[in-house]
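Enquirer: Attaching a single structure in structure tokens format; questions to follow.
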Amino acid sequence: MTSTLTKSLLLLPLIAGLAACVPSPEDFETTPVKVQTPKGEVTCQLYRPDRVIWDRAIDFPATKMTVPEADAYCKQEGQRRLKG
């Protein structure tokens, strides 16, 4: 019983240290950008160029487009910046 407890106590700092090393999307955020679309302006939260999959809309004309549509504009903008 003591050996299991000792092992657990020794592993706890290691696990906590590793968890602190796992990046979250916030670690890769860039300054939000505004994208003009045919349905209005979309504000996008873009991430590092190699993280385009995370790009998303944080503000958009909700009466004119859906969340998936606004997010698609942001992913498109991320791709455009990646290529350019």
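Ligands are numbered from 1 in the order shown, residues from 1 within each chain, and chains are lettered A, B, ... in the order they appear in the structure tokens.
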Within 7 Å of region 56-67 of chain A, counting only C-alpha atoms, which residues qualify if same-chain residues fewer than 2 places away don't, as a list in words?

Expert: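 Here the answer would be Lys39, Gly40, Glu41, Val42, Thr43, Cys44, Gln45, Leu46, Trp54, Glu69, Ala70, Asp71, Cys74 and Lys75 of chain A.
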
Enquirer: Rounded to one decimal place, report the CA of Tyr73 (chain A)-CA of Lys34 (chain A) distance in Å.

Expert: 10.4 Å

Enquirer: Mind pulling up the distance from CA of Val33 (chain A) to CA of Lys83 (chain A)?

Expert: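 These atoms are spaced 16.8 Å apart.
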
Enquirer: Grab the CA of Val52 (chain A) to CA of Ala72 (chain A) distance for me, in Å with one decimal place.

Expert: 10.8 Å
